[in-house]
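So this one's work_6.pdb, PDB, C-alpha atoms, pLDDT in the B column:
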```
ATOM      1  CA  MET L   1      -0.101  28.881  67.861  1.00 73.00           C
ATOM      2  CA  ARG L   2       0.516  29.670  64.220  1.00 82.00           C
ATOM      3  CA  GLU L   3       4.276  29.624  64.613  1.00 88.00           C
ATOM      4  CA  ASP L   4       4.013  26.279  66.364  1.00 90.00           C
ATOM      5  CA  LEU L   5       2.066  24.838  63.437  1.00 90.00           C
ATOM      6  CA  ILE L   6       4.580  26.239  60.957  1.00 92.00           C
ATOM      7  CA  LEU L   7       7.464  24.719  62.916  1.00 93.00           C
ATOM      8  CA  ILE L   8       5.724  21.345  63.178  1.00 93.00           C
ATOM      9  CA  PHE L   9       4.986  21.221  59.448  1.00 92.00           C
ATOM     10  CA  TYR L  10       8.539  22.262  58.597  1.00 93.00           C
ATOM     11  CA  LEU L  11      10.053  19.549  60.771  1.00 95.00           C
ATOM     12  CA  LEU L  12       7.678  16.865  59.492  1.00 95.00           C
ATOM     13  CA  ALA L  13       8.341  17.875  55.873  1.00 94.00           C
ATOM     14  CA  ILE L  14      12.103  17.700  56.383  1.00 95.00           C
ATOM     15  CA  LEU L  15      11.689  14.315  58.055  1.00 95.00           C
ATOM     16  CA  ALA L  16       9.542  13.027  55.174  1.00 95.00           C
ATOM     17  CA  ALA L  17      12.085  14.260  52.631  1.00 95.00           C
ATOM     18  CA  ILE L  18      14.950  12.521  54.430  1.00 96.00           C
ATOM     19  CA  VAL L  19      12.944   9.293  54.684  1.00 95.00           C
ATOM     20  CA  ALA L  20      12.029   9.473  50.983  1.00 93.00           C
ATOM     21  CA  LEU L  21      15.693   9.848  50.067  1.00 94.00           C
ATOM     22  CA  ASN L  22      16.916   7.044  52.291  1.00 95.00           C
ATOM     23  CA  VAL L  23      14.260   4.362  51.987  1.00 93.00           C
ATOM     24  CA  LYS L  24      15.214   1.310  49.911  1.00 91.00           C
ATOM     25  CA  ASP L  25      11.894   0.467  48.263  1.00 90.00           C
ATOM     26  CA  LEU L  26      10.956   2.717  45.334  1.00 91.00           C
ATOM     27  CA  LEU L  27       7.219   2.385  45.951  1.00 91.00           C
ATOM     28  CA  ALA L  28       7.619   3.448  49.580  1.00 93.00           C
ATOM     29  CA  ALA L  29       9.746   6.364  48.411  1.00 94.00           C
ATOM     30  CA  ALA L  30       6.953   7.491  46.065  1.00 93.00           C
ATOM     31  CA  VAL L  31       4.382   7.298  48.856  1.00 93.00           C
ATOM     32  CA  VAL L  32       6.588   9.234  51.282  1.00 94.00           C
ATOM     33  CA  LEU L  33       7.253  11.816  48.579  1.00 93.00           C
ATOM     34  CA  SER L  34       3.522  12.428  48.177  1.00 93.00           C
ATOM     35  CA  LEU L  35       3.322  12.696  51.970  1.00 94.00           C
ATOM     36  CA  PHE L  36       6.004  15.377  51.721  1.00 95.00           C
ATOM     37  CA  SER L  37       3.903  17.186  49.117  1.00 94.00           C
ATOM     38  CA  PHE L  38       0.886  17.075  51.401  1.00 94.00           C
ATOM     39  CA  LEU L  39       2.890  18.515  54.292  1.00 94.00           C
ATOM     40  CA  ALA L  40       4.167  21.252  51.986  1.00 94.00           C
ATOM     41  CA  ALA L  41       0.558  22.018  51.028  1.00 94.00           C
ATOM     42  CA  LEU L  42      -0.419  22.290  54.701  1.00 93.00           C
ATOM     43  CA  LEU L  43       2.551  24.585  55.238  1.00 93.00           C
ATOM     44  CA  TYR L  44       1.473  26.853  52.370  1.00 93.00           C
ATOM     45  CA  ILE L  45      -2.059  27.019  53.757  1.00 92.00           C
ATOM     46  CA  VAL L  46      -0.836  27.930  57.247  1.00 92.00           C
ATOM     47  CA  LEU L  47       1.397  30.592  55.728  1.00 91.00           C
ATOM     48  CA  GLY L  48      -1.622  32.133  53.987  1.00 90.00           C
ATOM     49  CA  ALA L  49      -1.227  31.026  50.354  1.00 90.00           C
ATOM     50  CA  VAL L  50      -4.425  28.997  50.075  1.00 91.00           C
ATOM     51  CA  ASP L  51      -4.342  28.859  46.275  1.00 91.00           C
ATOM     52  CA  VAL L  52      -0.812  27.488  46.130  1.00 92.00           C
ATOM     53  CA  GLY L  53      -1.645  25.023  48.877  1.00 92.00           C
ATOM     54  CA  PHE L  54      -4.636  23.755  46.908  1.00 91.00           C
ATOM     55  CA  ASN L  55      -2.485  23.272  43.834  1.00 90.00           C
ATOM     56  CA  GLU L  56       0.177  21.441  45.779  1.00 92.00           C
ATOM     57  CA  ALA L  57      -2.368  19.175  47.462  1.00 91.00           C
ATOM     58  CA  VAL L  58      -4.041  18.190  44.194  1.00 91.00           C
ATOM     59  CA  LEU L  59      -1.030  17.932  41.903  1.00 91.00           C
ATOM     60  CA  GLY L  60       1.796  17.099  44.269  1.00 88.00           C
ATOM     61  CA  ALA L  61       0.008  14.678  46.547  1.00 87.00           C
ATOM     62  CA  GLY L  62      -2.429  13.227  44.029  1.00 87.00           C
ATOM     63  CA  VAL L  63      -1.428  13.229  40.393  1.00 91.00           C
ATOM     64  CA  THR L  64       2.356  13.089  40.789  1.00 92.00           C
ATOM     65  CA  GLY L  65       2.107  10.139  43.173  1.00 90.00           C
ATOM     66  CA  VAL L  66      -0.010   8.236  40.645  1.00 90.00           C
ATOM     67  CA  LEU L  67       2.458   9.030  37.868  1.00 91.00           C
ATOM     68  CA  PHE L  68       5.412   7.826  39.978  1.00 91.00           C
ATOM     69  CA  VAL L  69       3.625   4.585  40.875  1.00 89.00           C
ATOM     70  CA  VAL L  70       2.753   3.862  37.243  1.00 88.00           C
ATOM     71  CA  THR L  71       6.328   4.562  36.179  1.00 88.00           C
ATOM     72  CA  ILE L  72       7.649   2.194  38.861  1.00 89.00           C
ATOM     73  CA  PHE L  73       5.252  -0.537  37.731  1.00 84.00           C
ATOM     74  CA  ASN L  74       6.324  -0.112  34.125  1.00 82.00           C
ATOM     75  CA  THR L  75      10.049  -0.454  34.792  1.00 82.00           C
ATOM     76  CA  HIS L  76      11.996  -3.562  35.749  1.00 79.00           C
ATOM     77  CA  ARG L  77      14.763  -3.964  38.246  1.00 76.00           C
ATOM     78  CA  ARG L  78      17.131  -5.514  35.705  1.00 76.00           C
ATOM     79  CA  SER L  79      17.321  -4.751  32.019  1.00 72.00           C
ATOM     80  CA  ARG L  80      16.153  -7.467  29.687  1.00 69.00           C
ATOM     81  CA  ASP L  81      19.082  -7.607  27.278  1.00 68.00           C
TER      82      ASP L  81
ATOM     83  CA  MET Y   1      -1.919  -1.262  30.927  1.00 60.00           C
ATOM     84  CA  ILE Y   2      -3.301  -1.757  34.385  1.00 66.00           C
ATOM     85  CA  ARG Y   3      -5.432  -4.811  35.047  1.00 67.00           C
ATOM     86  CA  ARG Y   4      -8.410  -4.717  37.324  1.00 65.00           C
ATOM     87  CA  PRO Y   5      -7.759  -6.059  40.814  1.00 66.00           C
ATOM     88  CA  ASP Y   6     -10.521  -8.177  42.284  1.00 75.00           C
ATOM     89  CA  ASN Y   7     -11.100  -6.237  45.461  1.00 83.00           C
ATOM     90  CA  MET Y   8     -14.634  -5.307  46.321  1.00 88.00           C
ATOM     91  CA  ILE Y   9     -13.757  -2.685  48.941  1.00 90.00           C
ATOM     92  CA  VAL Y  10     -11.557  -0.713  46.538  1.00 89.00           C
ATOM     93  CA  ASP Y  11     -14.261  -0.986  43.918  1.00 89.00           C
ATOM     94  CA  VAL Y  12     -17.078   0.336  46.092  1.00 91.00           C
ATOM     95  CA  VAL Y  13     -14.990   3.083  47.685  1.00 92.00           C
ATOM     96  CA  VAL Y  14     -13.841   4.343  44.293  1.00 91.00           C
ATOM     97  CA  ARG Y  15     -17.353   4.326  42.916  1.00 90.00           C
ATOM     98  CA  LEU Y  16     -18.505   6.384  45.897  1.00 93.00           C
ATOM     99  CA  MET Y  17     -15.594   8.808  45.817  1.00 94.00           C
ATOM    100  CA  VAL Y  18     -15.411   9.665  42.125  1.00 94.00           C
ATOM    101  CA  PRO Y  19     -18.755  11.545  41.865  1.00 95.00           C
ATOM    102  CA  ALA Y  20     -17.981  13.479  45.052  1.00 96.00           C
ATOM    103  CA  ILE Y  21     -14.586  14.517  43.696  1.00 94.00           C
ATOM    104  CA  GLN Y  22     -16.129  15.600  40.401  1.00 95.00           C
ATOM    105  CA  ILE Y  23     -18.861  17.638  42.098  1.00 96.00           C
ATOM    106  CA  PHE Y  24     -16.216  19.335  44.242  1.00 94.00           C
ATOM    107  CA  ALA Y  25     -14.121  19.996  41.114  1.00 94.00           C
ATOM    108  CA  PHE Y  26     -17.023  21.762  39.419  1.00 94.00           C
ATOM    109  CA  TYR Y  27     -17.691  23.716  42.614  1.00 94.00           C
ATOM    110  CA  VAL Y  28     -14.053  24.847  42.584  1.00 92.00           C
ATOM    111  CA  ILE Y  29     -14.288  25.843  38.928  1.00 93.00           C
ATOM    112  CA  PHE Y  30     -17.550  27.777  39.218  1.00 91.00           C
ATOM    113  CA  HIS Y  31     -16.617  29.530  42.457  1.00 90.00           C
ATOM    114  CA  GLY Y  32     -13.136  30.398  41.294  1.00 84.00           C
ATOM    115  CA  HIS Y  33     -13.822  34.136  41.230  1.00 81.00           C
ATOM    116  CA  TYR Y  34     -14.591  34.542  44.904  1.00 82.00           C
ATOM    117  CA  SER Y  35     -12.865  31.689  46.670  1.00 84.00           C
ATOM    118  CA  PRO Y  36      -9.536  29.918  46.368  1.00 85.00           C
ATOM    119  CA  GLY Y  37      -9.391  27.711  43.338  1.00 83.00           C
ATOM    120  CA  GLY Y  38     -10.190  28.220  39.718  1.00 86.00           C
ATOM    121  CA  GLY Y  39      -9.756  26.545  36.402  1.00 88.00           C
ATOM    122  CA  PHE Y  40      -6.387  24.944  37.019  1.00 92.00           C
ATOM    123  CA  GLN Y  41      -7.238  23.430  40.369  1.00 92.00           C
ATOM    124  CA  GLY Y  42     -10.655  22.253  39.216  1.00 93.00           C
ATOM    125  CA  GLY Y  43      -9.170  20.661  36.126  1.00 94.00           C
ATOM    126  CA  ALA Y  44      -6.528  18.942  38.201  1.00 93.00           C
ATOM    127  CA  LEU Y  45      -9.256  17.591  40.504  1.00 93.00           C
ATOM    128  CA  LEU Y  46     -11.205  16.271  37.492  1.00 93.00           C
ATOM    129  CA  ALA Y  47      -8.028  14.644  36.180  1.00 94.00           C
ATOM    130  CA  GLY Y  48      -7.409  13.195  39.632  1.00 93.00           C
ATOM    131  CA  SER Y  49     -10.845  11.584  39.706  1.00 94.00           C
ATOM    132  CA  ILE Y  50     -10.259  10.009  36.306  1.00 93.00           C
ATOM    133  CA  LEU Y  51      -6.783   8.813  37.296  1.00 92.00           C
ATOM    134  CA  LEU Y  52      -8.329   7.242  40.405  1.00 91.00           C
ATOM    135  CA  GLN Y  53     -10.666   5.271  38.165  1.00 91.00           C
ATOM    136  CA  ARG Y  54      -7.817   4.290  35.869  1.00 89.00           C
ATOM    137  CA  VAL Y  55      -5.686   2.998  38.724  1.00 87.00           C
ATOM    138  CA  ALA Y  56      -8.363   1.325  40.832  1.00 87.00           C
ATOM    139  CA  LEU Y  57     -10.755  -0.106  38.256  1.00 86.00           C
ATOM    140  CA  GLY Y  58      -8.245  -0.990  35.562  1.00 82.00           C
ATOM    141  CA  THR Y  59      -7.751   0.545  32.162  1.00 80.00           C
ATOM    142  CA  GLU Y  60     -10.420  -1.493  30.440  1.00 81.00           C
ATOM    143  CA  ARG Y  61     -13.334  -0.744  32.746  1.00 83.00           C
ATOM    144  CA  SER Y  62     -12.499   2.943  33.126  1.00 84.00           C
ATOM    145  CA  GLN Y  63     -12.893   3.351  29.362  1.00 85.00           C
ATOM    146  CA  LEU Y  64     -16.634   3.584  29.974  1.00 86.00           C
ATOM    147  CA  SER Y  65     -16.393   6.932  31.734  1.00 87.00           C
ATOM    148  CA  PHE Y  66     -13.464   8.506  29.917  1.00 89.00           C
ATOM    149  CA  PRO Y  67     -11.927   6.726  26.908  1.00 89.00           C
ATOM    150  CA  VAL Y  68      -8.234   7.077  26.172  1.00 88.00           C
ATOM    151  CA  ARG Y  69      -8.857   8.723  22.826  1.00 89.00           C
ATOM    152  CA  TYR Y  70     -10.674  11.673  24.454  1.00 89.00           C
ATOM    153  CA  GLY Y  71      -7.612  12.935  26.329  1.00 89.00           C
ATOM    154  CA  LEU Y  72      -5.897  15.094  23.759  1.00 92.00           C
ATOM    155  CA  PRO Y  73      -9.131  16.385  22.111  1.00 93.00           C
ATOM    156  CA  PHE Y  74     -10.271  17.648  25.508  1.00 92.00           C
ATOM    157  CA  GLY Y  75      -7.008  19.528  25.885  1.00 93.00           C
ATOM    158  CA  ILE Y  76      -7.303  21.022  22.427  1.00 95.00           C
ATOM    159  CA  ILE Y  77     -10.939  22.056  23.020  1.00 95.00           C
ATOM    160  CA  GLY Y  78      -9.920  23.739  26.260  1.00 94.00           C
ATOM    161  CA  VAL Y  79      -7.155  25.725  24.592  1.00 94.00           C
ATOM    162  CA  PHE Y  80      -9.588  26.735  21.837  1.00 95.00           C
ATOM    163  CA  ILE Y  81     -12.176  27.920  24.393  1.00 93.00           C
ATOM    164  CA  PHE Y  82      -9.522  30.025  26.135  1.00 93.00           C
ATOM    165  CA  ALA Y  83      -8.048  31.499  22.953  1.00 93.00           C
ATOM    166  CA  GLY Y  84     -11.461  31.822  21.333  1.00 92.00           C
ATOM    167  CA  THR Y  85     -12.826  33.916  24.191  1.00 91.00           C
ATOM    168  CA  GLY Y  86      -9.861  36.241  23.946  1.00 91.00           C
ATOM    169  CA  LEU Y  87      -9.941  36.450  20.174  1.00 92.00           C
ATOM    170  CA  PHE Y  88     -13.719  37.000  20.148  1.00 91.00           C
ATOM    171  CA  ALA Y  89     -13.314  40.007  22.389  1.00 90.00           C
ATOM    172  CA  LEU Y  90     -10.447  41.160  20.189  1.00 91.00           C
ATOM    173  CA  ILE Y  91     -12.545  40.862  17.008  1.00 91.00           C
ATOM    174  CA  MET Y  92     -15.470  42.692  18.629  1.00 88.00           C
ATOM    175  CA  GLY Y  93     -13.366  45.776  19.139  1.00 87.00           C
ATOM    176  CA  GLY Y  94     -11.857  45.332  22.577  1.00 86.00           C
ATOM    177  CA  GLN Y  95      -8.495  44.079  23.632  1.00 89.00           C
ATOM    178  CA  TYR Y  96      -7.476  40.464  24.069  1.00 90.00           C
ATOM    179  CA  LEU Y  97      -9.623  38.925  26.850  1.00 86.00           C
ATOM    180  CA  GLN Y  98     -11.496  42.177  27.452  1.00 87.00           C
ATOM    181  CA  TYR Y  99     -14.785  40.573  28.417  1.00 86.00           C
ATOM    182  CA  ASP Y 100     -17.027  43.631  28.364  1.00 85.00           C
ATOM    183  CA  ALA Y 101     -16.456  43.998  24.615  1.00 83.00           C
ATOM    184  CA  MET Y 102     -18.332  40.780  23.888  1.00 83.00           C
ATOM    185  CA  PRO Y 103     -21.827  41.445  22.463  1.00 83.00           C
ATOM    186  CA  PHE Y 104     -23.998  39.191  24.623  1.00 81.00           C
ATOM    187  CA  GLY Y 105     -26.508  41.874  25.583  1.00 79.00           C
ATOM    188  CA  LEU Y 106     -25.563  42.087  29.246  1.00 82.00           C
ATOM    189  CA  THR Y 107     -24.207  44.893  31.355  1.00 86.00           C
ATOM    190  CA  PRO Y 108     -20.402  45.150  31.424  1.00 84.00           C
ATOM    191  CA  VAL Y 109     -20.282  43.927  35.016  1.00 87.00           C
ATOM    192  CA  TRP Y 110     -22.160  40.752  34.143  1.00 87.00           C
ATOM    193  CA  LEU Y 111     -20.041  40.307  31.026  1.00 87.00           C
ATOM    194  CA  ARG Y 112     -16.866  40.394  33.079  1.00 85.00           C
ATOM    195  CA  ASN Y 113     -18.397  37.938  35.540  1.00 83.00           C
ATOM    196  CA  THR Y 114     -19.336  35.383  32.879  1.00 84.00           C
ATOM    197  CA  GLY Y 115     -16.266  35.910  30.691  1.00 85.00           C
ATOM    198  CA  ILE Y 116     -13.910  34.780  33.418  1.00 88.00           C
ATOM    199  CA  LEU Y 117     -16.126  31.706  33.817  1.00 89.00           C
ATOM    200  CA  LEU Y 118     -15.671  30.819  30.130  1.00 89.00           C
ATOM    201  CA  VAL Y 119     -11.914  31.179  30.428  1.00 91.00           C
ATOM    202  CA  GLU Y 120     -11.822  29.033  33.559  1.00 92.00           C
ATOM    203  CA  LEU Y 121     -13.862  26.295  31.883  1.00 93.00           C
ATOM    204  CA  GLY Y 122     -11.348  26.310  29.034  1.00 94.00           C
ATOM    205  CA  VAL Y 123      -8.420  26.070  31.425  1.00 94.00           C
ATOM    206  CA  ALA Y 124     -10.098  23.227  33.324  1.00 94.00           C
ATOM    207  CA  PHE Y 125     -10.732  21.216  30.152  1.00 94.00           C
ATOM    208  CA  ALA Y 126      -7.173  21.760  28.956  1.00 95.00           C
ATOM    209  CA  VAL Y 127      -5.617  20.709  32.268  1.00 94.00           C
ATOM    210  CA  MET Y 128      -7.835  17.655  32.603  1.00 94.00           C
ATOM    211  CA  GLY Y 129      -7.220  16.418  29.058  1.00 94.00           C
ATOM    212  CA  VAL Y 130      -3.480  16.922  29.156  1.00 94.00           C
ATOM    213  CA  LEU Y 131      -2.997  15.305  32.583  1.00 93.00           C
ATOM    214  CA  VAL Y 132      -5.079  12.265  31.640  1.00 93.00           C
ATOM    215  CA  SER Y 133      -3.283  11.879  28.320  1.00 92.00           C
ATOM    216  CA  ILE Y 134       0.102  12.108  30.080  1.00 91.00           C
ATOM    217  CA  TYR Y 135      -0.996   9.278  32.358  1.00 91.00           C
ATOM    218  CA  ASP Y 136      -2.324   7.231  29.446  1.00 89.00           C
ATOM    219  CA  SER Y 137       0.782   7.507  27.348  1.00 88.00           C
ATOM    220  CA  LEU Y 138       2.864   6.665  30.431  1.00 85.00           C
ATOM    221  CA  ALA Y 139       0.785   3.615  31.356  1.00 83.00           C
ATOM    222  CA  CYS Y 140       0.369   2.255  27.835  1.00 77.00           C
ATOM    223  CA  SER Y 141       3.805   2.899  26.339  1.00 66.00           C
ATOM    224  CA  SER Y 142       5.637  -0.173  27.651  1.00 56.00           C
ATOM    225  CA  ASP Y 143       2.779  -2.539  27.038  1.00 52.00           C
ATOM    226  CA  GLU Y 144       3.537  -6.131  26.106  1.00 53.00           C
ATOM    227  CA  GLU Y 145       0.598  -6.379  23.730  1.00 51.00           C
ATOM    228  CA  GLY Y 146       1.882  -3.509  21.673  1.00 50.00           C
ATOM    229  CA  GLY Y 147       0.160  -0.540  23.258  1.00 50.00           C
ATOM    230  CA  ARG Y 148      -3.436  -1.619  22.853  1.00 53.00           C
ATOM    231  CA  CYS Y 149      -5.002   0.940  25.160  1.00 57.00           C
TER     232      CYS Y 149
END
```
Could you spell out this file's structure in C-alpha cells?
Amino acid sequence: MREDLILIFYLLAILAAIVALNVKDLLAAAVVLSLFSFLAALLYIVLGAVDVGFNEAVLGAGVTGVLFVVTIFNTHRRSRD
Amino acid sequence: MIRRPDNMIVDVVVRLMVPAIQIFAFYVIFHGHYSPGGGFQGGALLAGSILLQRVALGTERSQLSFPVRYGLPFGIIGVFIFAGTGLFALIMGGQYLQYDAMPFGLTPVWLRNTGILLVELGVAFAVMGVLVSIYDSLACSSDEEGGRC
C-alpha cells in the first residue's frame, strides 16, 4: 500500500516536471510547477517527513507559484527598445 | 501593481479563506512543540494568506489589512525577538537561548516551554515580513506610475 503510493507520487511528479519543461505557455508552466511541488510534498509526507512536506506544500506550492505568476505578469514578451 | 478584478466569487471566497488560513497559521505556530510545524511554517502560512489578498483583491484594497510599509519592519521585529530571547538568557547568566536562565519566576520546565514559544513567534514574524516584502518589491518594481505602492 505504502510502496504503491510512493510509486504513484513519483511517477506523477516526474510527469508534472516533464510537462512543466515542455509546455509552451509560461503561466501554464508555473501552474504545473506548483503542482509538481505539491506532489513532492505528498511524497515527503508518505515517506515520513511531515515537517518537510508541510514546508514544501506551503512554500513550494503556494508562495513560489504566486511569485512566478507576478514575475510573468511584470515581464513582456518583446523588449521595448 | 495588481489591479482589482471585478469578480464577486473570487472576492467572497478570498474573504472567507483568509481568516481560516490565519487561524490555522497561529495553530501551527503555537502547537509547534508537539506537532509538525513551527515558526517557519506558520510564518509562511501567514505570508501566504497576505499574498492571497494581494493577488485576489488588488494591491490597493489589501493595504487595509497589511500595508506595504509594514513588511520589512515585521521582519526586523521578528529577528529582534529571536536574538533578544537568546541574548536575554545570555545576559542573565545562562548560555545563548538557554531558556531556563530567564528570570520569569517559573519552574525551569515551564520556562523551556514558553521560551521556545517566544523564539517561534520571532521566526514567524521574520518569515512573514520578509516573504511579503519580497512579493511587494517584485510586484511594484516595474510599475508604470513609478512604483507607487
Would you give me, as JSON lines, each residue of chain Y having an atom within 6 Å of an atom of chain L, along with its shortest atom pair and that distance in Å to one decimal, using only C-alpha atoms and sorting by chain and residue number?
```
{"residue": "Y:Pro36", "atom": "CA", "partner": "L:Asp51", "partner_atom": "CA", "distance": 5.3}
{"residue": "Y:Gly37", "atom": "CA", "partner": "L:Asp51", "partner_atom": "CA", "distance": 6.0}
{"residue": "Y:Gln41", "atom": "CA", "partner": "L:Asn55", "partner_atom": "CA", "distance": 5.9}
```
A straight line from CA of Gln63 in chain Y to CA of Val31 in chain L spans 26.3 Å
- request: Can you give me, as a ChimeraX atom specification, the residues this file yields under the PyMOL selection byres ((chain L and resi 29) around 12)?
  value: /L:16-28,30-36,65,68-69,72
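Those DNA, RNA and protein residues that approach the point (1.2, 21.4, 61.7) to within 12 Å, considering only C-alpha atoms, are L:Met1, L:Arg2, L:Glu3, L:Asp4, L:Leu5, L:Ile6, L:Leu7, L:Ile8, L:Phe9, L:Tyr10, L:Leu11, L:Leu12, L:Ala13, L:Phe38, L:Leu39, L:Ala40, L:Ala41, L:Leu42, L:Leu43, L:Tyr44, L:Ile45, L:Val46, L:Leu47.
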When you look at Tyr99 in chain Y with a cut-off of 9 Å (counting all atoms listed in the file), what residues show up, excluding the ones that are within fewer than 5 positions of it in the same chain? I need them as a short mmCIF file (atom, residue, chain, number, x, y, z; two decimals) with C-alpha atoms, keeping the file's coordinate frame.
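What landed in around-v7.cif:
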```cif
data_model
loop_
_atom_site.label_atom_id
_atom_site.label_comp_id
_atom_site.auth_asym_id
_atom_site.auth_seq_id
_atom_site.Cartn_x
_atom_site.Cartn_y
_atom_site.Cartn_z
CA THR Y 85 -12.83 33.92 24.19
CA GLY Y 86 -9.86 36.24 23.95
CA ALA Y 89 -13.31 40.01 22.39
CA GLY Y 94 -11.86 45.33 22.58
CA PRO Y 108 -20.40 45.15 31.42
CA LEU Y 111 -20.04 40.31 31.03
CA ARG Y 112 -16.87 40.39 33.08
CA ASN Y 113 -18.40 37.94 35.54
CA THR Y 114 -19.34 35.38 32.88
CA GLY Y 115 -16.27 35.91 30.69
CA ILE Y 116 -13.91 34.78 33.42
#
```
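Take the candidates Y:Leu72, Y:Val14, Y:Leu87, Y:Val130 and check each one against Arg54 in chain Y using only C-alpha atoms; the shortest distance goes to Y:Val14.
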